[in-house]
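Structure, as structure tokens:
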Amino acid sequence: MTVFPFLVAIWILCWGLYGIVSSRNLVHLVICLGVTQAATYVLLLGVGYRNGGAAPIYADIAESTMVVDPVVQALALVDVVVEATVSALLLAVAVQTHKRFGTIDPDELHSLRG
Amino acid sequence: MNRRLRIGLFLGGAALLAGMLVAAVGDLPGFGHYPGPYGILIEETGVAGTSATDLVTAVNFDYRAFDTMGEEFILFAAVLGVAIVLRRRRGERAEDERGDDHHFPGSSSALGALGLALVGPVFVLGAYVVTHGQITPGGGFQGGVVLAAAALIAFLAGEYVAFKVIAPHAMVEAGEAAGAAGFALVGLGGLIFAGTFFANFIALGTPGSFLSSGTIPISNLAVGIEVAGAFLLLWTEFSDQALVVRSK
């Protein structure tokens, strides 16, 4: 079944989204966002895969060997870096939220206070 | 907004997402038959064109070096953002860093000794990953995180003071800035010496050798220093929140 790897990506995406909407803790919510973004790694690597392709590293294989697409792998690296920065910023906001409101349950953060 | 309204909004959005996902899956290329022309072109000409045997690094630091610079500055800006969000606010003060008070519950001298003994080997591993990115999997981003982990091990072993000695705040900040600037300077070098921003203006050398691929190892080194500095700065900011900053 050729769409199976993409269904795995959608499955991870849906679990991450479920975690985000049902979250009762801002730190848990940031982790769920990380899970959601992990779906994009699976999608990218799935899109770039070529049947029988080796890793795109020619250090120890013949130059004529067919390899999987190196461009999407580079994009996955960009993706990982962005995910790390987004998590860091959101966790910093969670720290300040806890200091200011004494809770990190999104349901108890009813309205913005100046 | 009450709970029922929010659930209704979510269900509407979820239905829309489901429809779009179904439509998107129908249009994807079949798994294992990716027709992307750029990947095939780089596969055929990448090693000869850049002397890098790791084509992922060749894409990141040669073909897409300009985009990677954008990515690097995303990291730079995000770390700046964390430092601003976690700045000391009115009504907060910094506690004196009194060495031994910062041990974790459960930390022991054996754990501390093991952690400090691991700092050297992990640092060497990080330096290896940074400097061999053009030959084997690795490079500045991956190796930079390993380099930062070398200092973090001291922190995790309960040696907070040793962590501050290995990674003093001023040096970490300077490293992050110098790394980011260094990568941009490599791009400017291409503009000056070869006429194109991020053109590879240094001799390419033999594929597979340590000093090959022209500017790619230099870019990797700059990015490695920047990433290590960025992550250490992040961890310092977060650990200071728990260990140093106190409300008055």
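Following the order of the structure tokens, chains are lettered A, B, ..., residues in each are numbered from 1, and ligands are numbered from 1.
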Report task. Pull out every residue of chain A that has at least one atom within 6 Å of chain B, counting only C-alpha atoms, and report them as an NGL selection string. Result -> :A and (2 or 48-51 or 56-59 or 69-71 or 74 or 85 or 89 or 92)
Requested in this report: For stretch 199-202 of chain B, list every protein, DNA or RNA residue within 7 Å, evaluated using only C-alpha atoms, and leave out those in the same chain fewer than 3 positions away; present the list as a ChimeraX atom specification.
Outcome: /B:190-191,193-194,196,214-215
Using the chain letters and numbers from this document, which residues of stretch 153-184 of chain B does DSSP assign to alpha helix (DSSP H), as a tab-separated table (two decimals) with N, CA and C atoms, in the first residue's frame?
chain	number	residue	atom	x	y	z
B	153	ILE	N	26.12	18.29	30.53
B	153	ILE	CA	26.35	17.11	31.36
B	153	ILE	C	26.84	17.53	32.74
B	154	ALA	N	27.73	18.53	32.78
B	154	ALA	CA	28.22	19.01	34.08
B	154	ALA	C	27.06	19.54	34.92
B	155	PHE	N	26.14	20.26	34.26
B	155	PHE	CA	24.98	20.80	34.95
B	155	PHE	C	24.08	19.68	35.47
B	156	LEU	N	23.83	18.68	34.60
B	156	LEU	CA	22.93	17.58	34.98
B	156	LEU	C	23.53	16.75	36.10
B	160	TYR	N	26.66	22.70	39.21
B	160	TYR	CA	26.21	23.94	38.61
B	160	TYR	C	27.36	24.93	38.47
B	161	VAL	N	28.24	24.96	39.47
B	161	VAL	CA	29.37	25.90	39.42
B	161	VAL	C	30.31	25.54	38.27
B	162	ALA	N	30.56	24.21	38.12
B	162	ALA	CA	31.42	23.76	37.02
B	162	ALA	C	30.81	24.13	35.68
B	163	PHE	N	29.47	24.01	35.58
B	163	PHE	CA	28.77	24.39	34.35
B	163	PHE	C	29.04	25.86	34.03
B	164	LYS	N	28.99	26.70	35.08
B	164	LYS	CA	29.22	28.12	34.84
B	164	LYS	C	30.68	28.41	34.47
B	165	VAL	N	31.60	27.53	34.96
B	165	VAL	CA	33.02	27.71	34.61
B	165	VAL	C	33.25	27.28	33.16
B	166	ILE	N	32.65	26.12	32.77
B	166	ILE	CA	32.83	25.62	31.41
B	166	ILE	C	32.18	26.56	30.41
B	169	HIS	N	28.64	32.96	30.94
B	169	HIS	CA	27.58	33.63	30.19
B	169	HIS	C	28.13	34.52	29.07
B	170	ALA	N	29.16	35.30	29.39
B	170	ALA	CA	29.69	36.25	28.40
B	170	ALA	C	30.26	35.49	27.19
B	171	MET	N	30.97	34.36	27.47
B	171	MET	CA	31.59	33.62	26.38
B	171	MET	C	30.52	32.97	25.51
B	172	VAL	N	29.46	32.46	26.14
B	172	VAL	CA	28.38	31.83	25.39
B	172	VAL	C	27.71	32.84	24.47
B	173	GLU	N	27.44	34.03	25.02
B	173	GLU	CA	26.80	35.07	24.21
B	173	GLU	C	27.71	35.48	23.05
B	174	ALA	N	29.00	35.67	23.36
B	174	ALA	CA	29.94	36.08	22.31
B	174	ALA	C	30.05	35.00	21.24
B	175	GLY	N	30.09	33.72	21.67
B	175	GLY	CA	30.18	32.61	20.71
B	175	GLY	C	28.99	32.58	19.79
B	176	GLU	N	27.79	32.78	20.36
B	176	GLU	CA	26.59	32.75	19.54
B	176	GLU	C	26.64	33.85	18.47
B	177	ALA	N	26.99	35.06	18.92
B	177	ALA	CA	27.02	36.19	17.98
B	177	ALA	C	28.10	36.00	16.93
B	178	ALA	N	29.30	35.54	17.37
B	178	ALA	CA	30.41	35.39	16.43
B	178	ALA	C	30.10	34.30	15.40
B	179	GLY	N	29.45	33.20	15.85
B	179	GLY	CA	29.09	32.14	14.92
B	179	GLY	C	28.12	32.63	13.86
B	180	ALA	N	27.08	33.36	14.30
B	180	ALA	CA	26.10	33.87	13.35
B	180	ALA	C	26.76	34.83	12.36
B	181	ALA	N	27.62	35.72	12.88
B	181	ALA	CA	28.31	36.67	12.01
B	181	ALA	C	29.26	35.93	11.06
B	182	GLY	N	29.96	34.89	11.59
B	182	GLY	CA	30.91	34.15	10.76
B	182	GLY	C	30.26	33.54	9.54
B	183	PHE	N	29.07	32.96	9.72
B	183	PHE	CA	28.38	32.33	8.60
B	183	PHE	C	27.99	33.38	7.56
B	184	ALA	N	27.51	34.54	8.03
B	184	ALA	CA	27.15	35.61	7.09
B	184	ALA	C	28.40	36.11	6.36
Query - For A:Gln96, the nearest of the candidates B:Ser51, B:Val146, B:Arg88, B:Thr131, counting only C-alpha atoms - result: B:Arg88
Requested in this report: Give the strand (DSSP E or B) residues of stretch 29-214 of chain B, as assigned by DSSP on the backbone, as a VMD selection string.
Outcome: chain B and resid 32 to 33 54 92 to 94
Take the residues that were just selected and, keeping C-alpha atoms, output them as a CSV table (one decimal), in the first residue's frame.
chain,number,residue,atom,x,y,z
B,32,GLY,CA,9.0,5.4,-3.3
B,33,HIS,CA,8.7,7.1,-6.7
B,54,ASP,CA,27.4,14.1,2.4
B,92,GLU,CA,12.7,39.9,41.1
B,93,ARG,CA,16.2,39.8,42.3
B,94,ALA,CA,19.2,37.5,41.5
Report task. Skip A:Val30 itself and residues of its chain fewer than 5 positions away, then list as a list in words all residues within 9 Å of it, counting only C-alpha atoms. Result ->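 Everything that qualifies: Ile20, Asn25, Val35, Val86, Ser87, Leu90 and Leu91 of chain A.
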Query raised in the report: Can you tell me, as a ChimeraX atom specification, what residues are no more than 10 Å from B:Gly140 when counting only C-alpha atoms, ignoring any on the same chain fewer than 5 positions away?
Result: /B:57,61,126-127,129-133,145-147,216-228
I need the chosen residues saved as a compact mmCIF listing (two decimals), in the first residue's frame, with N, CA, C and O atoms.
# COMPACT_ATOMS: atom_id res chain seq x y z
N THR B 57 24.60 17.84 3.60
CA THR B 57 25.39 19.01 3.95
C THR B 57 25.64 19.89 2.74
O THR B 57 25.60 21.12 2.84
N PHE B 61 24.67 23.77 2.96
CA PHE B 61 25.70 24.79 3.09
C PHE B 61 26.27 25.24 1.75
O PHE B 61 27.21 26.02 1.72
N GLY B 126 31.52 16.15 19.72
CA GLY B 126 30.86 17.29 19.08
C GLY B 126 31.76 17.95 18.05
O GLY B 126 31.32 18.26 16.94
N ALA B 127 33.04 18.13 18.41
CA ALA B 127 33.98 18.75 17.47
C ALA B 127 34.14 17.89 16.23
O ALA B 127 34.21 18.39 15.11
N VAL B 129 31.85 15.80 14.96
CA VAL B 129 30.63 15.88 14.14
C VAL B 129 30.60 17.21 13.38
O VAL B 129 30.23 17.25 12.20
N VAL B 130 31.02 18.31 14.04
CA VAL B 130 31.00 19.61 13.37
C VAL B 130 31.97 19.62 12.18
O VAL B 130 31.62 20.06 11.08
N THR B 131 33.19 19.10 12.39
CA THR B 131 34.23 19.28 11.38
C THR B 131 34.18 18.25 10.26
O THR B 131 34.84 18.44 9.24
N HIS B 132 33.39 17.15 10.43
CA HIS B 132 33.34 16.15 9.36
C HIS B 132 32.00 16.16 8.63
O HIS B 132 31.65 15.19 7.96
N GLY B 133 31.26 17.27 8.76
CA GLY B 133 29.93 17.34 8.14
C GLY B 133 29.96 17.17 6.64
O GLY B 133 29.00 16.69 6.05
N VAL B 145 24.80 21.04 18.83
CA VAL B 145 23.98 20.57 19.95
C VAL B 145 24.81 19.62 20.83
O VAL B 145 24.72 19.67 22.06
N VAL B 146 25.65 18.75 20.19
CA VAL B 146 26.48 17.84 20.98
C VAL B 146 27.48 18.64 21.81
O VAL B 146 27.72 18.34 23.00
N LEU B 147 28.07 19.69 21.22
CA LEU B 147 29.02 20.54 21.95
C LEU B 147 28.33 21.16 23.17
O LEU B 147 28.89 21.20 24.27
N ILE B 216 32.41 24.95 2.80
CA ILE B 216 31.44 24.19 3.60
C ILE B 216 31.94 23.91 5.02
O ILE B 216 31.21 24.14 5.99
N PRO B 217 33.21 23.43 5.21
CA PRO B 217 33.66 23.21 6.60
C PRO B 217 33.72 24.50 7.42
O PRO B 217 33.43 24.48 8.62
N ILE B 218 34.05 25.62 6.77
CA ILE B 218 34.10 26.89 7.50
C ILE B 218 32.70 27.28 7.95
O ILE B 218 32.48 27.67 9.11
N SER B 219 31.73 27.15 7.04
CA SER B 219 30.34 27.43 7.40
C SER B 219 29.89 26.54 8.55
O SER B 219 29.24 26.98 9.50
N ASN B 220 30.25 25.24 8.46
CA ASN B 220 29.87 24.30 9.52
C ASN B 220 30.45 24.70 10.86
O ASN B 220 29.78 24.61 11.89
N LEU B 221 31.70 25.14 10.84
CA LEU B 221 32.34 25.55 12.09
C LEU B 221 31.62 26.75 12.69
O LEU B 221 31.31 26.77 13.89
N ALA B 222 31.31 27.75 11.85
CA ALA B 222 30.61 28.94 12.33
C ALA B 222 29.24 28.56 12.89
O ALA B 222 28.86 28.99 14.00
N VAL B 223 28.50 27.73 12.14
CA VAL B 223 27.16 27.35 12.60
C VAL B 223 27.26 26.52 13.87
O VAL B 223 26.45 26.66 14.80
N GLY B 224 28.29 25.62 13.94
CA GLY B 224 28.45 24.81 15.14
C GLY B 224 28.65 25.66 16.38
O GLY B 224 28.04 25.41 17.42
N ILE B 225 29.49 26.68 16.27
CA ILE B 225 29.73 27.57 17.42
C ILE B 225 28.44 28.32 17.77
O ILE B 225 28.08 28.46 18.94
N GLU B 226 27.71 28.78 16.75
CA GLU B 226 26.48 29.53 17.01
C GLU B 226 25.43 28.66 17.69
O GLU B 226 24.79 29.08 18.65
N VAL B 227 25.26 27.43 17.18
CA VAL B 227 24.24 26.55 17.74
C VAL B 227 24.60 26.17 19.17
O VAL B 227 23.74 26.18 20.07
N ALA B 228 25.89 25.84 19.41
CA ALA B 228 26.30 25.50 20.77
C ALA B 228 26.03 26.68 21.70
O ALA B 228 25.49 26.51 22.81
Query raised in the report: Near A:Leu43, counting only C-alpha atoms, which residues have an atom at most 9 Å away, once you skip same-chain residues fewer than 3 positions from it, shown as an MDAnalysis selection string?
Result: chainID A and resid 5:6 8:10 38:40 46:48
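Nearest residue to A:Gly34 among A:Val80, A:Leu109, A:Val68, A:Leu7 is A:Val80, counting only C-alpha atoms.
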